[in-house]
Amino acid sequence: MKKVFFNILFILTFFLPVSGQEDSPFLTIGYCDGRNGEKGEITSATAENISAAVEIAPQMVRALAGNDLSAIRVYLPAKTNINSLTVWVRNSLDGENVAESTVKSKSLSKGWNELSLETPFKIEDGETFYMGYTFSQKKRAYAICCTGDYREGGLYYRFDGEDWIVDTQYGNLCIEGVVTGDNLPR
């Protein structure tokens, strides 16, 4: 019984209600708990595409089934040298984007950037999905920001042509999914 209670408590820590949105209630889902890191530590000196993501496991979304992931928030410690940013949702890390949105650097700012998905992603019970972003850089950019103590699934990243890396030393990726719908937990 104690284990069940703590598992439920752990899952609920992923759902942060956002105030000031009475007309359009929503929750955020992710591992950073609304916090951001101070700097981007994962970088590459060459011009390339770099991706970062988190895994959203079935136990995290059970209470959100039937709602939509309608936007993704990404924290950028800087926007220098970024050409474009694409946020995406995938069924596997190497899979196709099933939902996405792309912006050019002029639309980005240092801090939190919220991009509405072109088509919302329907959250299904028992489904694992990945929420992430890919940015194109001219030269070294500091666009992957992490915070807190690493939680399983809290950070994957990769450079062009390489395999995905899980590195627990950086903490959790500063990314949040914005969940909207009529069946949000209260």
# chains A, B, ... in the order shown; residues from 1 in each chain; ligands from 1
>>> select_by_dssp(residues="range 43-176 of chain A", states="helix (DSSP H, G or I)", output="number ranges by chain")
A: 58-64, 105-107, 168-170
>>> write_last_selection(atoms="N, CA, C and O atoms", output="mmCIF file, in the first residue's frame")
data_model
loop_
_atom_site.group_PDB
_atom_site.id
_atom_site.type_symbol
_atom_site.label_atom_id
_atom_site.label_comp_id
_atom_site.auth_asym_id
_atom_site.auth_seq_id
_atom_site.Cartn_x
_atom_site.Cartn_y
_atom_site.Cartn_z
ATOM 1 N N PRO A 58 4.144 5.219 -20.064
ATOM 2 C CA PRO A 58 2.706 5.024 -19.830
ATOM 3 C C PRO A 58 2.227 5.433 -18.439
ATOM 4 O O PRO A 58 1.152 6.021 -18.302
ATOM 5 N N GLN A 59 3.011 5.176 -17.404
ATOM 6 C CA GLN A 59 2.568 5.535 -16.054
ATOM 7 C C GLN A 59 2.463 7.041 -15.862
ATOM 8 O O GLN A 59 1.741 7.522 -14.997
ATOM 9 N N MET A 60 3.170 7.810 -16.693
ATOM 10 C CA MET A 60 3.112 9.271 -16.594
ATOM 11 C C MET A 60 1.852 9.842 -17.236
ATOM 12 O O MET A 60 1.403 10.916 -16.866
ATOM 13 N N VAL A 61 1.309 9.138 -18.225
ATOM 14 C CA VAL A 61 0.191 9.707 -18.986
ATOM 15 C C VAL A 61 -1.160 9.052 -18.711
ATOM 16 O O VAL A 61 -2.166 9.484 -19.245
ATOM 17 N N ARG A 62 -1.172 8.043 -17.874
ATOM 18 C CA ARG A 62 -2.430 7.325 -17.619
ATOM 19 C C ARG A 62 -3.561 8.296 -17.277
ATOM 20 O O ARG A 62 -4.654 8.205 -17.810
ATOM 21 N N ALA A 63 -3.294 9.250 -16.409
ATOM 22 C CA ALA A 63 -4.334 10.199 -15.990
ATOM 23 C C ALA A 63 -4.642 11.240 -17.067
ATOM 24 O O ALA A 63 -5.617 11.980 -16.947
ATOM 25 N N LEU A 64 -3.819 11.290 -18.124
ATOM 26 C CA LEU A 64 -4.018 12.283 -19.182
ATOM 27 C C LEU A 64 -4.613 11.702 -20.457
ATOM 28 O O LEU A 64 -4.833 12.420 -21.426
ATOM 29 N N SER A 105 15.164 31.298 -36.148
ATOM 30 C CA SER A 105 15.809 31.899 -34.982
ATOM 31 C C SER A 105 15.213 33.251 -34.589
ATOM 32 O O SER A 105 15.151 33.576 -33.412
ATOM 33 N N LYS A 106 14.753 34.041 -35.547
ATOM 34 C CA LYS A 106 14.218 35.366 -35.213
ATOM 35 C C LYS A 106 12.983 35.290 -34.313
ATOM 36 O O LYS A 106 12.655 36.250 -33.632
ATOM 37 N N SER A 107 12.304 34.139 -34.294
ATOM 38 C CA SER A 107 11.124 33.956 -33.445
ATOM 39 C C SER A 107 11.460 33.378 -32.077
ATOM 40 O O SER A 107 10.572 33.176 -31.253
ATOM 41 N N THR A 168 23.448 10.704 -17.474
ATOM 42 C CA THR A 168 22.781 11.065 -16.218
ATOM 43 C C THR A 168 23.443 12.232 -15.483
ATOM 44 O O THR A 168 22.860 12.776 -14.558
ATOM 45 N N GLN A 169 24.630 12.646 -15.890
ATOM 46 C CA GLN A 169 25.349 13.693 -15.150
ATOM 47 C C GLN A 169 24.726 15.080 -15.287
ATOM 48 O O GLN A 169 24.961 15.956 -14.458
ATOM 49 N N TYR A 170 23.928 15.319 -16.330
ATOM 50 C CA TYR A 170 23.403 16.662 -16.574
ATOM 51 C C TYR A 170 22.047 16.928 -15.930
ATOM 52 O O TYR A 170 21.613 18.070 -15.872
#
>>> closest_atom_pairs(of="range 70-101 of chain A", to="range 125-147 of chain A", cutoff="9 Å", atoms="only C-alpha atoms", output="JSON lines")
{"residue": "A:Ile72", "atom": "CA", "partner": "A:Met131", "partner_atom": "CA", "distance": 8.0}
{"residue": "A:Val74", "atom": "CA", "partner": "A:Tyr133", "partner_atom": "CA", "distance": 8.1}
{"residue": "A:Tyr75", "atom": "CA", "partner": "A:Cys145", "partner_atom": "CA", "distance": 6.7}
{"residue": "A:Leu76", "atom": "CA", "partner": "A:Ala143", "partner_atom": "CA", "distance": 5.2}
{"residue": "A:Pro77", "atom": "CA", "partner": "A:Ala143", "partner_atom": "CA", "distance": 6.2}
{"residue": "A:Ala78", "atom": "CA", "partner": "A:Tyr142", "partner_atom": "CA", "distance": 6.0}
{"residue": "A:Lys79", "atom": "CA", "partner": "A:Ala143", "partner_atom": "CA", "distance": 6.9}
{"residue": "A:Thr80", "atom": "CA", "partner": "A:Ala141", "partner_atom": "CA", "distance": 6.2}
{"residue": "A:Asn81", "atom": "CA", "partner": "A:Lys138", "partner_atom": "CA", "distance": 5.2}
{"residue": "A:Ile82", "atom": "CA", "partner": "A:Gln137", "partner_atom": "CA", "distance": 4.5}
{"residue": "A:Asn83", "atom": "CA", "partner": "A:Ser136", "partner_atom": "CA", "distance": 5.3}
{"residue": "A:Ser84", "atom": "CA", "partner": "A:Ser136", "partner_atom": "CA", "distance": 5.4}
{"residue": "A:Leu85", "atom": "CA", "partner": "A:Phe135", "partner_atom": "CA", "distance": 4.4}
{"residue": "A:Thr86", "atom": "CA", "partner": "A:Thr134", "partner_atom": "CA", "distance": 5.3}
{"residue": "A:Val87", "atom": "CA", "partner": "A:Tyr133", "partner_atom": "CA", "distance": 4.1}
{"residue": "A:Trp88", "atom": "CA", "partner": "A:Gly132", "partner_atom": "CA", "distance": 5.4}
{"residue": "A:Val89", "atom": "CA", "partner": "A:Met131", "partner_atom": "CA", "distance": 4.6}
{"residue": "A:Arg90", "atom": "CA", "partner": "A:Tyr130", "partner_atom": "CA", "distance": 5.1}
{"residue": "A:Asn91", "atom": "CA", "partner": "A:Phe129", "partner_atom": "CA", "distance": 4.6}
{"residue": "A:Ser92", "atom": "CA", "partner": "A:Tyr130", "partner_atom": "CA", "distance": 6.3}
{"residue": "A:Leu93", "atom": "CA", "partner": "A:Tyr130", "partner_atom": "CA", "distance": 6.4}
{"residue": "A:Glu100", "atom": "CA", "partner": "A:Tyr133", "partner_atom": "CA", "distance": 8.9}
>>> select_by_dssp(residues="chain A", states="strand (DSSP E)", output="PDB file with N, CA and C atoms, in the first residue's frame")
ATOM      1  N   LEU A  16       1.992  19.682 -13.521  1.00  0.00           N
ATOM      2  CA  LEU A  16       2.040  20.977 -12.854  1.00  0.00           C
ATOM      3  C   LEU A  16       0.926  21.855 -13.397  1.00  0.00           C
ATOM      4  N   PRO A  17      -0.092  22.178 -12.596  1.00  0.00           N
ATOM      5  CA  PRO A  17      -1.116  23.078 -13.097  1.00  0.00           C
ATOM      6  C   PRO A  17      -0.523  24.462 -13.329  1.00  0.00           C
ATOM      7  N   PHE A  26      -4.914  23.879 -18.636  1.00  0.00           N
ATOM      8  CA  PHE A  26      -3.924  22.946 -19.151  1.00  0.00           C
ATOM      9  C   PHE A  26      -2.965  22.549 -18.050  1.00  0.00           C
ATOM     10  N   LEU A  27      -2.233  21.489 -18.317  1.00  0.00           N
ATOM     11  CA  LEU A  27      -1.190  20.992 -17.430  1.00  0.00           C
ATOM     12  C   LEU A  27       0.085  20.877 -18.238  1.00  0.00           C
ATOM     13  N   THR A  28       1.213  20.857 -17.551  1.00  0.00           N
ATOM     14  CA  THR A  28       2.461  20.573 -18.238  1.00  0.00           C
ATOM     15  C   THR A  28       2.987  19.225 -17.771  1.00  0.00           C
ATOM     16  N   ILE A  29       3.677  18.556 -18.668  1.00  0.00           N
ATOM     17  CA  ILE A  29       4.247  17.255 -18.362  1.00  0.00           C
ATOM     18  C   ILE A  29       5.716  17.274 -18.786  1.00  0.00           C
ATOM     19  N   GLY A  30       6.558  16.666 -17.976  1.00  0.00           N
ATOM     20  CA  GLY A  30       7.989  16.616 -18.243  1.00  0.00           C
ATOM     21  C   GLY A  30       8.732  16.285 -16.967  1.00  0.00           C
ATOM     22  N   GLU A  48      25.680  21.761 -37.450  1.00  0.00           N
ATOM     23  CA  GLU A  48      24.953  20.500 -37.587  1.00  0.00           C
ATOM     24  C   GLU A  48      23.599  20.606 -36.899  1.00  0.00           C
ATOM     25  N   ASN A  49      22.829  19.545 -37.027  1.00  0.00           N
ATOM     26  CA  ASN A  49      21.572  19.429 -36.296  1.00  0.00           C
ATOM     27  C   ASN A  49      21.830  18.629 -35.027  1.00  0.00           C
ATOM     28  N   ILE A  50      21.273  19.093 -33.927  1.00  0.00           N
ATOM     29  CA  ILE A  50      21.402  18.415 -32.643  1.00  0.00           C
ATOM     30  C   ILE A  50      20.001  18.229 -32.082  1.00  0.00           C
ATOM     31  N   SER A  51      19.746  17.050 -31.523  1.00  0.00           N
ATOM     32  CA  SER A  51      18.427  16.741 -30.977  1.00  0.00           C
ATOM     33  C   SER A  51      18.520  16.406 -29.504  1.00  0.00           C
ATOM     34  N   ALA A  52      17.434  16.687 -28.784  1.00  0.00           N
ATOM     35  CA  ALA A  52      17.322  16.336 -27.367  1.00  0.00           C
ATOM     36  C   ALA A  52      15.876  15.943 -27.111  1.00  0.00           C
ATOM     37  N   ALA A  53      15.671  15.022 -26.174  1.00  0.00           N
ATOM     38  CA  ALA A  53      14.306  14.525 -25.940  1.00  0.00           C
ATOM     39  C   ALA A  53      14.163  13.945 -24.542  1.00  0.00           C
ATOM     40  N   VAL A  54      12.909  13.723 -24.166  1.00  0.00           N
ATOM     41  CA  VAL A  54      12.561  12.981 -22.957  1.00  0.00           C
ATOM     42  C   VAL A  54      11.579  11.883 -23.341  1.00  0.00           C
ATOM     43  N   GLU A  55      11.574  10.831 -22.554  1.00  0.00           N
ATOM     44  CA  GLU A  55      10.634   9.730 -22.741  1.00  0.00           C
ATOM     45  C   GLU A  55       9.441   9.941 -21.816  1.00  0.00           C
ATOM     46  N   ILE A  56       8.257   9.865 -22.371  1.00  0.00           N
ATOM     47  CA  ILE A  56       7.039   9.966 -21.578  1.00  0.00           C
ATOM     48  C   ILE A  56       6.439   8.555 -21.521  1.00  0.00           C
ATOM     49  N   ASP A  68      -5.022  16.161 -25.286  1.00  0.00           N
ATOM     50  CA  ASP A  68      -4.073  16.448 -26.360  1.00  0.00           C
ATOM     51  C   ASP A  68      -2.799  17.091 -25.830  1.00  0.00           C
ATOM     52  N   LEU A  69      -1.681  16.682 -26.394  1.00  0.00           N
ATOM     53  CA  LEU A  69      -0.438  17.426 -26.217  1.00  0.00           C
ATOM     54  C   LEU A  69      -0.481  18.473 -27.325  1.00  0.00           C
ATOM     55  N   SER A  70      -0.715  19.733 -26.962  1.00  0.00           N
ATOM     56  CA  SER A  70      -0.982  20.760 -27.967  1.00  0.00           C
ATOM     57  C   SER A  70       0.198  21.703 -28.219  1.00  0.00           C
ATOM     58  N   ALA A  71       1.153  21.733 -27.303  1.00  0.00           N
ATOM     59  CA  ALA A  71       2.321  22.606 -27.466  1.00  0.00           C
ATOM     60  C   ALA A  71       3.494  22.016 -26.689  1.00  0.00           C
ATOM     61  N   ILE A  72       4.678  22.472 -27.032  1.00  0.00           N
ATOM     62  CA  ILE A  72       5.892  22.070 -26.309  1.00  0.00           C
ATOM     63  C   ILE A  72       6.651  23.333 -25.948  1.00  0.00           C
ATOM     64  N   ARG A  73       7.077  23.387 -24.688  1.00  0.00           N
ATOM     65  CA  ARG A  73       7.876  24.500 -24.171  1.00  0.00           C
ATOM     66  C   ARG A  73       9.325  24.032 -24.040  1.00  0.00           C
ATOM     67  N   VAL A  74      10.254  24.833 -24.554  1.00  0.00           N
ATOM     68  CA  VAL A  74      11.685  24.516 -24.504  1.00  0.00           C
ATOM     69  C   VAL A  74      12.402  25.700 -23.876  1.00  0.00           C
ATOM     70  N   TYR A  75      13.283  25.424 -22.930  1.00  0.00           N
ATOM     71  CA  TYR A  75      14.088  26.488 -22.339  1.00  0.00           C
ATOM     72  C   TYR A  75      15.411  26.573 -23.087  1.00  0.00           C
ATOM     73  N   LEU A  76      15.707  27.751 -23.618  1.00  0.00           N
ATOM     74  CA  LEU A  76      16.978  28.000 -24.295  1.00  0.00           C
ATOM     75  C   LEU A  76      17.810  28.956 -23.455  1.00  0.00           C
ATOM     76  N   ILE A  82      21.700  29.694 -33.492  1.00  0.00           N
ATOM     77  CA  ILE A  82      20.637  28.754 -33.848  1.00  0.00           C
ATOM     78  C   ILE A  82      19.954  29.258 -35.117  1.00  0.00           C
ATOM     79  N   ASN A  83      19.870  28.402 -36.137  1.00  0.00           N
ATOM     80  CA  ASN A  83      19.171  28.742 -37.381  1.00  0.00           C
ATOM     81  C   ASN A  83      17.668  28.517 -37.250  1.00  0.00           C
ATOM     82  N   SER A  84      17.298  27.350 -36.714  1.00  0.00           N
ATOM     83  CA  SER A  84      15.889  26.992 -36.564  1.00  0.00           C
ATOM     84  C   SER A  84      15.742  25.973 -35.441  1.00  0.00           C
ATOM     85  N   LEU A  85      14.515  25.848 -34.977  1.00  0.00           N
ATOM     86  CA  LEU A  85      14.195  24.905 -33.902  1.00  0.00           C
ATOM     87  C   LEU A  85      12.903  24.200 -34.276  1.00  0.00           C
ATOM     88  N   THR A  86      12.908  22.877 -34.225  1.00  0.00           N
ATOM     89  CA  THR A  86      11.710  22.073 -34.463  1.00  0.00           C
ATOM     90  C   THR A  86      11.404  21.286 -33.201  1.00  0.00           C
ATOM     91  N   VAL A  87      10.223  21.483 -32.643  1.00  0.00           N
ATOM     92  CA  VAL A  87       9.766  20.637 -31.535  1.00  0.00           C
ATOM     93  C   VAL A  87       8.978  19.496 -32.152  1.00  0.00           C
ATOM     94  N   TRP A  88       9.008  18.353 -31.497  1.00  0.00           N
ATOM     95  CA  TRP A  88       8.352  17.188 -32.087  1.00  0.00           C
ATOM     96  C   TRP A  88       7.901  16.188 -31.034  1.00  0.00           C
ATOM     97  N   VAL A  89       7.000  15.290 -31.490  1.00  0.00           N
ATOM     98  CA  VAL A  89       6.551  14.128 -30.726  1.00  0.00           C
ATOM     99  C   VAL A  89       6.773  12.917 -31.628  1.00  0.00           C
ATOM    100  N   ARG A  90       7.325  11.847 -31.059  1.00  0.00           N
ATOM    101  CA  ARG A  90       7.592  10.610 -31.807  1.00  0.00           C
ATOM    102  C   ARG A  90       7.167   9.412 -30.974  1.00  0.00           C
ATOM    103  N   ASN A  97       8.395  12.128 -36.975  1.00  0.00           N
ATOM    104  CA  ASN A  97       7.636  13.073 -36.155  1.00  0.00           C
ATOM    105  C   ASN A  97       6.143  12.850 -36.411  1.00  0.00           C
ATOM    106  N   VAL A  98       5.386  12.567 -35.358  1.00  0.00           N
ATOM    107  CA  VAL A  98       3.939  12.413 -35.505  1.00  0.00           C
ATOM    108  C   VAL A  98       3.225  13.719 -35.218  1.00  0.00           C
ATOM    109  N   ALA A  99       3.925  14.663 -34.611  1.00  0.00           N
ATOM    110  CA  ALA A  99       3.444  16.034 -34.405  1.00  0.00           C
ATOM    111  C   ALA A  99       4.690  16.907 -34.324  1.00  0.00           C
ATOM    112  N   GLU A 100       4.591  18.147 -34.838  1.00  0.00           N
ATOM    113  CA  GLU A 100       5.772  19.004 -34.849  1.00  0.00           C
ATOM    114  C   GLU A 100       5.392  20.457 -35.076  1.00  0.00           C
ATOM    115  N   SER A 101       6.386  21.315 -34.882  1.00  0.00           N
ATOM    116  CA  SER A 101       6.290  22.735 -35.202  1.00  0.00           C
ATOM    117  C   SER A 101       7.713  23.264 -35.336  1.00  0.00           C
ATOM    118  N   THR A 102       7.947  24.129 -36.326  1.00  0.00           N
ATOM    119  CA  THR A 102       9.278  24.666 -36.585  1.00  0.00           C
ATOM    120  C   THR A 102       9.229  26.187 -36.599  1.00  0.00           C
ATOM    121  N   VAL A 103      10.262  26.804 -36.027  1.00  0.00           N
ATOM    122  CA  VAL A 103      10.413  28.261 -36.089  1.00  0.00           C
ATOM    123  C   VAL A 103      11.855  28.599 -36.452  1.00  0.00           C
ATOM    124  N   LYS A 104      12.025  29.749 -37.072  1.00  0.00           N
ATOM    125  CA  LYS A 104      13.354  30.281 -37.387  1.00  0.00           C
ATOM    126  C   LYS A 104      13.878  31.037 -36.166  1.00  0.00           C
ATOM    127  N   GLY A 111      15.367  31.935 -22.833  1.00  0.00           N
ATOM    128  CA  GLY A 111      14.335  31.590 -21.857  1.00  0.00           C
ATOM    129  C   GLY A 111      13.361  30.581 -22.434  1.00  0.00           C
ATOM    130  N   TRP A 112      12.151  30.565 -21.897  1.00  0.00           N
ATOM    131  CA  TRP A 112      11.135  29.608 -22.324  1.00  0.00           C
ATOM    132  C   TRP A 112      10.524  30.036 -23.648  1.00  0.00           C
ATOM    133  N   ASN A 113      10.442  29.079 -24.576  1.00  0.00           N
ATOM    134  CA  ASN A 113       9.830  29.265 -25.887  1.00  0.00           C
ATOM    135  C   ASN A 113       8.733  28.217 -26.029  1.00  0.00           C
ATOM    136  N   GLU A 114       7.507  28.652 -26.243  1.00  0.00           N
ATOM    137  CA  GLU A 114       6.384  27.732 -26.394  1.00  0.00           C
ATOM    138  C   GLU A 114       5.963  27.695 -27.858  1.00  0.00           C
ATOM    139  N   LEU A 115       5.982  26.499 -28.430  1.00  0.00           N
ATOM    140  CA  LEU A 115       5.582  26.309 -29.818  1.00  0.00           C
ATOM    141  C   LEU A 115       4.358  25.414 -29.868  1.00  0.00           C
ATOM    142  N   SER A 116       3.279  25.911 -30.451  1.00  0.00           N
ATOM    143  CA  SER A 116       2.068  25.106 -30.629  1.00  0.00           C
ATOM    144  C   SER A 116       2.326  24.092 -31.733  1.00  0.00           C
ATOM    145  N   LEU A 117       1.934  22.851 -31.489  1.00  0.00           N
ATOM    146  CA  LEU A 117       2.092  21.812 -32.500  1.00  0.00           C
ATOM    147  C   LEU A 117       1.121  22.069 -33.645  1.00  0.00           C
ATOM    148  N   GLU A 118       1.556  21.811 -34.884  1.00  0.00           N
ATOM    149  CA  GLU A 118       0.699  22.023 -36.044  1.00  0.00           C
ATOM    150  C   GLU A 118      -0.578  21.194 -35.933  1.00  0.00           C
ATOM    151  N   THR A 119      -0.443  19.957 -35.468  1.00  0.00           N
ATOM    152  CA  THR A 119      -1.574  19.074 -35.187  1.00  0.00           C
ATOM    153  C   THR A 119      -1.354  18.514 -33.790  1.00  0.00           C
ATOM    154  N   PRO A 120      -2.287  18.738 -32.860  1.00  0.00           N
ATOM    155  CA  PRO A 120      -2.094  18.197 -31.508  1.00  0.00           C
ATOM    156  C   PRO A 120      -1.929  16.679 -31.520  1.00  0.00           C
ATOM    157  N   PHE A 121      -1.175  16.196 -30.556  1.00  0.00           N
ATOM    158  CA  PHE A 121      -0.931  14.759 -30.404  1.00  0.00           C
ATOM    159  C   PHE A 121      -1.906  14.209 -29.375  1.00  0.00           C
ATOM    160  N   LYS A 122      -2.712  13.219 -29.762  1.00  0.00           N
ATOM    161  CA  LYS A 122      -3.698  12.610 -28.865  1.00  0.00           C
ATOM    162  C   LYS A 122      -2.977  11.638 -27.925  1.00  0.00           C
ATOM    163  N   PHE A 129       5.725   7.665 -25.521  1.00  0.00           N
ATOM    164  CA  PHE A 129       6.110   8.538 -26.624  1.00  0.00           C
ATOM    165  C   PHE A 129       7.278   9.406 -26.178  1.00  0.00           C
ATOM    166  N   TYR A 130       7.886  10.064 -27.149  1.00  0.00           N
ATOM    167  CA  TYR A 130       9.045  10.916 -26.895  1.00  0.00           C
ATOM    168  C   TYR A 130       8.715  12.334 -27.320  1.00  0.00           C
ATOM    169  N   MET A 131       9.096  13.269 -26.501  1.00  0.00           N
ATOM    170  CA  MET A 131       8.858  14.680 -26.739  1.00  0.00           C
ATOM    171  C   MET A 131      10.240  15.339 -26.800  1.00  0.00           C
ATOM    172  N   GLY A 132      10.522  16.060 -27.882  1.00  0.00           N
ATOM    173  CA  GLY A 132      11.853  16.623 -27.995  1.00  0.00           C
ATOM    174  C   GLY A 132      11.943  17.755 -28.982  1.00  0.00           C
ATOM    175  N   TYR A 133      13.181  18.102 -29.309  1.00  0.00           N
ATOM    176  CA  TYR A 133      13.420  19.155 -30.280  1.00  0.00           C
ATOM    177  C   TYR A 133      14.734  18.910 -30.998  1.00  0.00           C
ATOM    178  N   THR A 134      14.812  19.475 -32.198  1.00  0.00           N
ATOM    179  CA  THR A 134      16.020  19.446 -33.007  1.00  0.00           C
ATOM    180  C   THR A 134      16.313  20.880 -33.403  1.00  0.00           C
ATOM    181  N   PHE A 135      17.559  21.288 -33.222  1.00  0.00           N
ATOM    182  CA  PHE A 135      17.928  22.627 -33.661  1.00  0.00           C
ATOM    183  C   PHE A 135      19.084  22.539 -34.649  1.00  0.00           C
ATOM    184  N   SER A 136      19.045  23.446 -35.588  1.00  0.00           N
ATOM    185  CA  SER A 136      20.099  23.577 -36.583  1.00  0.00           C
ATOM    186  C   SER A 136      20.981  24.735 -36.126  1.00  0.00           C
ATOM    187  N   GLN A 137      22.286  24.483 -36.073  1.00  0.00           N
ATOM    188  CA  GLN A 137      23.189  25.535 -35.606  1.00  0.00           C
ATOM    189  C   GLN A 137      24.219  25.889 -36.676  1.00  0.00           C
ATOM    190  N   CYS A 146      19.658  21.634 -18.980  1.00  0.00           N
ATOM    191  CA  CYS A 146      19.168  20.603 -18.061  1.00  0.00           C
ATOM    192  C   CYS A 146      19.134  21.133 -16.637  1.00  0.00           C
ATOM    193  N   THR A 147      18.360  20.470 -15.794  1.00  0.00           N
ATOM    194  CA  THR A 147      18.246  20.874 -14.400  1.00  0.00           C
ATOM    195  C   THR A 147      17.872  19.677 -13.527  1.00  0.00           C
ATOM    196  N   TYR A 156      17.730  12.466 -23.327  1.00  0.00           N
ATOM    197  CA  TYR A 156      18.390  11.792 -24.443  1.00  0.00           C
ATOM    198  C   TYR A 156      18.888  12.908 -25.352  1.00  0.00           C
ATOM    199  N   TYR A 157      20.054  12.761 -25.945  1.00  0.00           N
ATOM    200  CA  TYR A 157      20.501  13.732 -26.933  1.00  0.00           C
ATOM    201  C   TYR A 157      21.364  13.039 -27.967  1.00  0.00           C
ATOM    202  N   ARG A 158      21.471  13.688 -29.142  1.00  0.00           N
ATOM    203  CA  ARG A 158      22.317  13.130 -30.198  1.00  0.00           C
ATOM    204  C   ARG A 158      22.767  14.215 -31.156  1.00  0.00           C
ATOM    205  N   PHE A 159      23.937  13.984 -31.727  1.00  0.00           N
ATOM    206  CA  PHE A 159      24.507  14.841 -32.751  1.00  0.00           C
ATOM    207  C   PHE A 159      24.276  14.168 -34.098  1.00  0.00           C
ATOM    208  N   ASN A 172      17.845  16.613 -15.955  1.00  0.00           N
ATOM    209  CA  ASN A 172      16.709  16.428 -16.848  1.00  0.00           C
ATOM    210  C   ASN A 172      16.603  17.582 -17.835  1.00  0.00           C
ATOM    211  N   LEU A 173      16.218  17.261 -19.052  1.00  0.00           N
ATOM    212  CA  LEU A 173      16.069  18.258 -20.103  1.00  0.00           C
ATOM    213  C   LEU A 173      14.996  19.274 -19.727  1.00  0.00           C
ATOM    214  N   ILE A 175      12.324  20.853 -20.822  1.00  0.00           N
ATOM    215  CA  ILE A 175      11.275  20.789 -21.835  1.00  0.00           C
ATOM    216  C   ILE A 175       9.984  20.389 -21.134  1.00  0.00           C
ATOM    217  N   GLU A 176       8.882  20.949 -21.572  1.00  0.00           N
ATOM    218  CA  GLU A 176       7.579  20.613 -21.007  1.00  0.00           C
ATOM    219  C   GLU A 176       6.566  20.486 -22.133  1.00  0.00           C
ATOM    220  N   GLY A 177       5.685  19.512 -22.003  1.00  0.00           N
ATOM    221  CA  GLY A 177       4.566  19.392 -22.913  1.00  0.00           C
ATOM    222  C   GLY A 177       3.353  20.076 -22.317  1.00  0.00           C
ATOM    223  N   VAL A 178       2.606  20.799 -23.131  1.00  0.00           N
ATOM    224  CA  VAL A 178       1.399  21.475 -22.686  1.00  0.00           C
ATOM    225  C   VAL A 178       0.215  20.579 -23.078  1.00  0.00           C
ATOM    226  N   VAL A 179      -0.497  20.096 -22.060  1.00  0.00           N
ATOM    227  CA  VAL A 179      -1.608  19.174 -22.270  1.00  0.00           C
ATOM    228  C   VAL A 179      -2.919  19.920 -22.072  1.00  0.00           C
ATOM    229  N   THR A 180      -3.800  19.822 -23.069  1.00  0.00           N
ATOM    230  CA  THR A 180      -5.105  20.479 -23.011  1.00  0.00           C
ATOM    231  C   THR A 180      -6.200  19.443 -23.260  1.00  0.00           C
TER     232      THR A 180
END
